[in-house]
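Engineer: Pasting work_11.txt here (compact mmCIF, C-alpha atoms):
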```txt
# COMPACT_ATOMS: atom_id res chain seq x y z
CA MET A 794 -3.84 87.27 1.66
CA ARG A 795 -5.03 86.47 -1.87
CA THR A 796 -1.83 84.52 -2.57
CA PHE A 797 -2.26 82.55 0.67
CA LYS A 798 -5.81 81.55 -0.33
CA GLN A 799 -4.59 80.44 -3.74
CA ILE A 800 -1.98 78.24 -2.09
CA VAL A 801 -4.58 76.74 0.25
CA TYR A 802 -7.02 76.08 -2.60
CA GLY A 803 -4.20 74.58 -4.68
CA LEU A 804 -3.23 72.21 -1.88
CA PHE A 805 -6.86 71.27 -1.39
CA TYR A 806 -7.29 70.35 -5.05
CA LEU A 807 -4.04 68.42 -5.01
CA VAL A 808 -5.30 66.37 -2.05
CA ILE A 809 -8.56 65.68 -3.89
CA LEU A 810 -6.66 64.68 -7.04
CA GLY A 811 -4.36 62.41 -5.02
CA ALA A 812 -7.33 60.72 -3.37
CA ILE A 813 -8.93 60.11 -6.78
CA LEU A 814 -5.72 58.67 -8.20
CA TYR A 815 -5.20 56.41 -5.15
CA ALA A 816 -8.78 55.15 -5.40
CA ALA A 817 -8.19 54.39 -9.08
CA TYR A 818 -5.01 52.47 -8.17
CA LEU A 819 -6.85 50.40 -5.57
CA THR A 820 -9.68 49.71 -7.99
CA TRP A 821 -7.84 48.94 -11.22
CA LEU A 822 -4.08 48.67 -10.70
CA LYS A 823 -3.25 47.12 -7.30
CA PRO A 824 -3.14 43.31 -7.53
CA ALA A 825 -5.98 41.59 -5.72
CA PRO A 826 -5.06 39.56 -2.63
CA SER A 827 -3.95 36.13 -3.78
CA CYS A 828 -1.16 33.58 -3.41
CA PHE A 829 0.41 34.64 -6.72
CA ASN A 830 0.57 38.45 -6.69
CA GLY A 831 4.02 39.04 -5.18
CA PHE A 832 2.61 40.75 -2.06
CA LYS A 833 2.20 39.65 1.55
CA ASP A 834 -1.54 39.98 2.05
CA ALA A 835 -4.77 38.11 2.85
CA GLY A 836 -3.41 36.44 5.99
CA GLU A 837 -0.20 35.14 4.40
CA GLU A 838 2.80 34.43 6.60
CA GLY A 839 5.21 35.60 3.89
CA ILE A 840 5.04 36.77 0.30
CA ASP A 841 2.62 34.36 -1.41
CA CYS A 842 3.30 31.64 1.17
CA GLY A 843 1.94 30.33 4.47
CA GLY A 844 -1.48 31.09 5.95
CA ILE A 845 -4.13 30.64 3.26
CA CYS A 846 -1.51 29.68 0.65
CA SER A 847 -0.56 26.03 0.14
CA ARG A 848 3.07 26.93 -0.59
CA ALA A 849 5.10 26.85 2.62
CA CYS A 850 7.35 29.74 3.65
CA MET A 851 10.94 28.55 3.57
CA ALA A 852 13.03 29.04 6.71
CA SER A 853 16.71 29.87 6.89
CA GLY A 854 18.90 26.82 6.43
CA PHE A 855 16.45 25.38 3.91
CA SER A 856 17.93 22.72 1.59
CA VAL A 857 17.18 22.20 -2.09
CA ILE A 858 16.50 18.74 -3.53
CA GLU A 859 19.80 16.90 -3.98
CA VAL A 860 20.73 14.19 -6.47
CA VAL A 861 22.63 11.33 -4.83
CA GLY A 862 25.22 9.94 -7.24
CA ASP A 863 24.81 9.65 -11.00
CA PRO A 864 21.78 8.24 -12.83
CA LYS A 865 22.09 4.60 -13.86
CA ILE A 866 21.04 3.31 -17.29
CA PHE A 867 19.69 -0.20 -17.87
CA HIS A 868 18.88 -2.11 -21.06
CA PRO A 869 15.80 -4.27 -20.39
CA THR A 870 15.63 -5.16 -24.11
CA GLN A 871 17.81 -4.56 -27.16
CA THR A 872 15.55 -1.72 -28.29
CA SER A 873 14.80 0.08 -25.00
CA ILE A 874 16.48 1.61 -21.96
CA SER A 875 15.40 2.45 -18.43
CA VAL A 876 17.04 5.01 -16.17
CA ILE A 877 17.01 5.59 -12.41
CA ALA A 878 18.34 8.30 -10.09
CA GLN A 879 18.26 8.78 -6.33
CA VAL A 880 17.10 12.10 -4.90
CA GLN A 881 17.00 13.42 -1.34
CA ASN A 882 14.99 15.98 0.63
CA LYS A 883 17.00 16.97 3.72
CA ASN A 884 14.28 19.25 5.11
CA ALA A 885 12.56 17.80 8.16
CA ALA A 886 9.63 20.25 8.14
CA PHE A 887 8.90 20.58 4.42
CA ALA A 888 7.74 18.14 1.76
CA ALA A 889 7.93 18.54 -2.01
CA GLN A 890 4.40 17.75 -3.15
CA ALA A 891 5.41 17.92 -6.81
CA ILE A 892 8.93 17.81 -8.28
CA PRO A 893 9.41 18.26 -12.02
CA TYR A 894 12.52 16.58 -13.36
CA LYS A 895 14.19 15.94 -16.67
CA PHE A 896 16.54 13.15 -17.71
CA GLY A 897 19.04 14.07 -20.40
CA PHE A 898 20.75 11.34 -22.45
CA TYR A 899 24.23 11.94 -23.91
CA ASP A 900 26.67 10.24 -26.25
CA THR A 901 30.39 9.66 -25.65
CA GLN A 902 31.13 13.16 -27.01
CA ASP A 903 28.82 14.78 -24.39
CA ASN A 904 26.22 15.67 -27.01
CA LEU A 905 22.64 15.78 -25.72
CA LEU A 906 20.63 13.24 -27.71
CA HIS A 907 17.29 13.10 -25.93
CA GLU A 908 15.38 14.54 -22.97
CA VAL A 909 12.55 12.90 -21.04
CA SER A 910 10.49 14.84 -18.50
CA GLY A 911 8.61 13.52 -15.49
CA GLU A 912 7.24 14.46 -12.09
CA SER A 913 7.62 12.93 -8.65
CA PHE A 914 7.33 13.92 -4.97
CA LEU A 915 9.41 13.76 -1.80
CA TYR A 916 8.24 13.65 1.78
CA ALA A 917 10.16 15.40 4.55
CA SER A 918 13.63 13.86 5.15
CA GLU A 919 13.01 11.26 2.43
CA ILE A 920 15.47 9.63 0.04
CA LYS A 921 13.87 7.89 -2.93
CA TYR A 922 14.37 6.76 -6.51
CA VAL A 923 12.86 8.37 -9.59
CA ALA A 924 12.91 6.40 -12.81
CA GLU A 925 11.73 6.22 -16.40
CA PHE A 926 11.07 2.80 -17.87
CA ASN A 927 11.33 1.17 -21.30
CA LEU A 928 12.25 4.26 -23.32
CA GLN A 929 12.73 3.66 -27.02
CA PHE A 930 14.98 5.77 -29.26
CA ALA A 931 16.11 5.11 -32.82
CA ASP A 932 19.74 5.82 -31.90
CA ILE A 933 19.68 3.98 -28.57
CA SER A 934 23.13 2.46 -29.19
CA LYS A 935 24.68 5.96 -29.10
CA ILE A 936 23.50 6.72 -25.55
CA ALA A 937 26.46 6.54 -23.16
CA TYR A 938 25.21 8.17 -19.95
CA ALA A 939 22.40 10.23 -18.41
CA LYS A 940 22.02 13.30 -16.22
CA ILE A 941 19.00 14.47 -14.23
CA LEU A 942 17.89 18.07 -13.76
CA ILE A 943 15.53 18.90 -10.87
CA GLY A 944 13.00 21.69 -11.44
CA GLU A 945 11.35 23.98 -8.89
CA PRO A 946 9.36 21.84 -6.40
CA ASN A 947 5.99 22.72 -4.91
CA TRP A 948 6.97 22.96 -1.24
CA VAL A 949 4.38 22.47 1.50
CA SER A 950 4.49 21.93 5.23
CA ASP A 951 5.17 18.36 6.30
CA SER A 952 1.83 18.39 8.13
CA LEU A 953 0.00 18.89 4.81
CA PHE A 954 1.83 16.12 2.93
CA SER A 955 3.02 13.41 5.26
CA LEU A 956 4.51 9.98 4.58
CA PRO A 957 1.82 7.26 4.29
CA ASP A 958 2.16 4.10 6.37
CA ILE A 959 2.52 1.31 3.80
CA LYS A 960 4.41 -1.93 4.36
CA ILE A 961 5.41 -5.01 2.40
CA GLN A 962 3.59 -8.04 3.81
CA ASN A 963 5.36 -10.70 1.77
CA SER A 964 7.21 -11.09 -1.51
CA ASN A 965 8.73 -13.86 -3.58
CA VAL A 966 11.33 -13.37 -6.32
CA SER A 967 11.68 -16.04 -9.00
CA SER A 968 13.55 -16.34 -12.27
CA SER A 969 12.92 -18.43 -15.40
CA ASP A 970 13.65 -18.37 -19.10
CA ALA A 971 10.66 -16.05 -19.49
CA GLY A 972 12.06 -13.44 -17.10
CA VAL A 973 12.22 -12.34 -13.46
CA GLN A 974 9.04 -12.05 -11.41
CA ILE A 975 8.19 -10.67 -7.99
CA ALA A 976 4.80 -11.53 -6.47
CA GLY A 977 3.71 -10.19 -3.12
CA ASN A 978 1.33 -8.11 -1.01
CA PHE A 979 1.52 -4.79 0.76
CA LEU A 980 -0.67 -3.19 3.44
CA ASN A 981 -1.95 0.35 3.82
CA ASN A 982 -1.51 0.55 7.57
CA GLY A 983 -2.54 4.21 7.77
CA PRO A 984 -5.88 5.95 8.36
CA ILE A 985 -6.27 7.56 4.91
CA SER A 986 -6.67 6.32 1.36
CA ILE A 987 -3.69 6.36 -0.99
CA SER A 988 -4.46 7.30 -4.57
CA ARG A 989 -1.46 5.46 -6.04
CA VAL A 990 1.19 3.11 -4.69
CA THR A 991 4.24 2.51 -6.86
CA VAL A 992 6.08 -0.73 -6.09
CA MET A 993 9.60 -0.42 -7.52
CA ALA A 994 12.17 -3.21 -7.65
CA ILE A 995 15.92 -3.07 -8.24
CA PHE A 996 17.56 -6.34 -9.24
CA TYR A 997 21.23 -7.03 -8.45
CA ASN A 998 23.74 -9.41 -10.00
CA ASN A 999 26.08 -11.80 -8.19
CA ILE A 1000 28.71 -9.12 -7.59
CA GLY A 1001 26.26 -6.66 -6.05
CA GLN A 1002 25.78 -4.33 -9.00
CA PRO A 1003 22.33 -3.14 -10.13
CA ALA A 1004 21.24 -5.22 -13.11
CA GLY A 1005 17.71 -3.99 -13.84
CA ILE A 1006 14.66 -2.10 -12.57
CA SER A 1007 10.92 -2.58 -12.91
CA LYS A 1008 7.70 -1.42 -11.23
CA ASN A 1009 3.98 -1.89 -10.75
CA GLU A 1010 1.40 0.75 -9.85
CA ILE A 1011 -1.74 0.09 -7.80
CA GLU A 1012 -4.53 2.66 -7.63
CA ASP A 1013 -6.93 3.62 -4.81
CA VAL A 1014 -5.69 1.71 -1.77
CA MET A 1015 -8.13 2.05 1.13
CA PRO A 1016 -7.12 2.33 4.83
CA GLY A 1017 -6.30 -1.09 6.27
CA GLN A 1018 -6.45 -2.70 2.84
CA GLN A 1019 -3.99 -5.36 1.71
CA ARG A 1020 -3.28 -5.42 -2.01
CA PRO A 1021 -1.31 -7.83 -4.23
CA PHE A 1022 1.37 -6.72 -6.67
CA LEU A 1023 3.23 -8.40 -9.50
CA ILE A 1024 6.46 -7.11 -11.04
CA PHE A 1025 8.02 -8.55 -14.19
CA HIS A 1026 11.35 -7.95 -15.93
CA PRO A 1027 12.73 -9.58 -19.10
CA PRO A 1028 15.43 -12.23 -18.50
CA LEU A 1029 18.51 -11.14 -16.53
CA GLY A 1030 21.59 -13.30 -16.14
CA ASN A 1031 23.75 -13.92 -13.06
CA LEU A 1032 21.16 -12.57 -10.64
CA ASN A 1033 21.32 -12.67 -6.88
CA LEU A 1034 17.59 -13.09 -6.28
CA SER A 1035 17.91 -12.64 -2.51
CA GLY A 1036 19.55 -9.27 -3.09
CA THR A 1037 16.49 -7.80 -4.81
CA LYS A 1038 15.30 -4.58 -3.16
CA ILE A 1039 11.66 -3.45 -3.17
CA TYR A 1040 10.52 0.12 -2.50
CA LEU A 1041 7.00 1.46 -1.84
CA TYR A 1042 6.11 5.03 -2.82
CA GLY A 1043 2.57 6.20 -2.10
CA ASN A 1044 0.78 9.53 -2.50
```
Here is a file; write its structure as structure tokens.
Structural biologist:
Amino acid sequence: MRTFKQIVYGLFYLVILGAILYAAYLTWLKPAPSCFNGFKDAGEEGIDCGGICSRACMASGFSVIEVVGDPKIFHPTQTSISVIAQVQNKNAAFAAQAIPYKFGFYDTQDNLLHEVSGESFLYASEIKYVAEFNLQFADISKIAYAKILIGEPNWVSDSLFSLPDIKIQNSNVSSSDAGVQIAGNFLNNGPISISRVTVMAIFYNNIGQPAGISKNEIEDVMPGQQRPFLIFHPPLGNLNLSGTKIYLYGN
């Protein structure tokens, strides 16, 4: 009987000790509910995603950001280069609210000479261009080609980051000894303000090859507002002015 009581008392104290240790874990060791603790909690739909978290939970069949073709290098002046790459988001229900990227520049022996980092965004099912303009390097003549590396995007539901309704109203492309110029207007045809609209132009030569790129950025475009833009590029020869393509990217 005495041994039985000792066992009972021992189990009782073990339960008490376990309760104290568990309370200590909950108080000091268990991560607090958040969107960054590696647990599914606080109304999340998955681990640190969905529900109260801005990051969307990725479904099966989800596609990563793809690079379409190889980056293209341009030489707007003798001392600078610009580079452009096309990227694609094949997901119809998810947008990439922020996409870090990095252009790497290489010589003919595949040696990495320089890296330039940037950030962009992609709406659901969107294909767009990302570019860096007028980069200056001391050894610019050694640069033979470029590659682009896409970092981890900040994915959100398409309903939280949807494509704005912006349209070109008119544009006129002209060329002179001073350079190439595009003057025009665009309209924010949507119901919300757009913090920044990037107007990007790609110029083509007479045989249909890209000859140069340039851009203009317009801040704080109100709903229903029409805004002018002006794009300039240093002189380019053998241009097909009617082949110029203009792209609007707003966020």
Engineer: Between CA of Thr991 in chain A and CA of Leu1041 in chain A, what is the distance, to one decimal in Å?
Structural biologist: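 Straight-line distance from CA of Thr991 in chain A to CA of Leu1041 in chain A works out to 5.8 Å.
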Engineer: From the options A:Val861, A:Ala939, A:Leu956, A:Ala878, which residue's atoms come nearest to Phe898 in chain A, counting all atoms listed in the file?
Structural biologist: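 Once distances to Phe898 in chain A are computed over all atoms listed in the file, the minimum belongs to A:Ala939.
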Engineer: If we count all atoms listed in the file, what is near range 1015-1023 of chain A at a cut-off of 12 Å, once residues fewer than 2 positions away on the same chain are taken out, given as a PyMOL selection string?
Structural biologist: chain A and resi 957-967+973-994+1007-1013+1025-1026+1039+1041+1043
Engineer: In terms of the shortest atom-to-atom distance over only C-alpha atoms, which of A:Phe930, A:Tyr997, A:Phe855, A:Tyr894 is closest to Glu945 in chain A?
Structural biologist: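 With only C-alpha atoms as the atom set, the closest residue is A:Tyr894.
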Engineer: Looking at only C-alpha atoms, which of A:Tyr938, A:Trp948, A:Phe926, A:Tyr916 is the one that sits closest to Asp903 in chain A?
Structural biologist: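 With only C-alpha atoms as the atom set, the closest residue is A:Tyr938.
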Engineer: For a cutoff of 6 Å around the file-coordinate point (9.2, 13.4, -15.7), which residues qualify once you count only C-alpha atoms? I'd like the result as a PyMOL selection string.
Structural biologist: chain A and resi 894-895+910-912
Engineer: Take CA of Ala1004 in chain A and CA of Glu908 in chain A and report the distance between them in Å, one decimal.
Structural biologist: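 Value for the CA of Ala1004 in chain A-CA of Glu908 in chain A distance: 22.8 Å.
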Engineer: So, counting all atoms listed in the file, which residue among A:Asn998, A:Gln929, A:Ser968, A:Asn1033 is closest to Pro869 in chain A?
Structural biologist: A:Gln929
Engineer: Please determine, counting only C-alpha atoms, which residue among A:Ile1000, A:Val949, A:Ala888, A:Val909 has the shortest atom-to-atom distance to Cys846 in chain A.
Structural biologist: A:Val949
Engineer: Calculate how many Å separate CA of Asn884 in chain A from CA of Ser918 in chain A, rounding to one decimal.
Structural biologist: 5.4 Å
Engineer: Taking all atoms listed in the file into account, name the residue in A:Ser950, A:Ser875, A:Gln902, A:Ser1035 that is nearest to Ile1006 in chain A.
Structural biologist: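 Nearest candidate to Ile1006 in chain A out of A:Ser950, A:Ser875, A:Gln902, A:Ser1035: A:Ser875.
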Engineer: Would you kindly return, as a list of chain:residue names, each protein, DNA or RNA residue with an atom no farther than 9 Å from any atom of Asn927 in chain A, considering only C-alpha atoms and excluding same-chain residues fewer than 6 positions away?
Structural biologist: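 Selected residues are A:His868, A:Pro869, A:Thr870, A:Thr872, A:Ser873, A:Ile874, A:Ser875, A:Val876.
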Engineer: Considering only C-alpha atoms, return as an MDAnalysis selection string whatever protein or nucleic-acid residues lie within 12 Å of Ser856 in chain A, sequence-local ones (same chain, fewer than 3 positions apart) excluded.
Structural biologist: chainID A and resid 851:853 859 881:889 917:918 946 948
Engineer: Counting all atoms listed in the file, what is within 6 Å of Ile995 in chain A, bar same-chain residues fewer than 5 positions away, as a list of chain:residue names?
Structural biologist: A:Gly1005, A:Ile1006, A:Thr1037, A:Lys1038
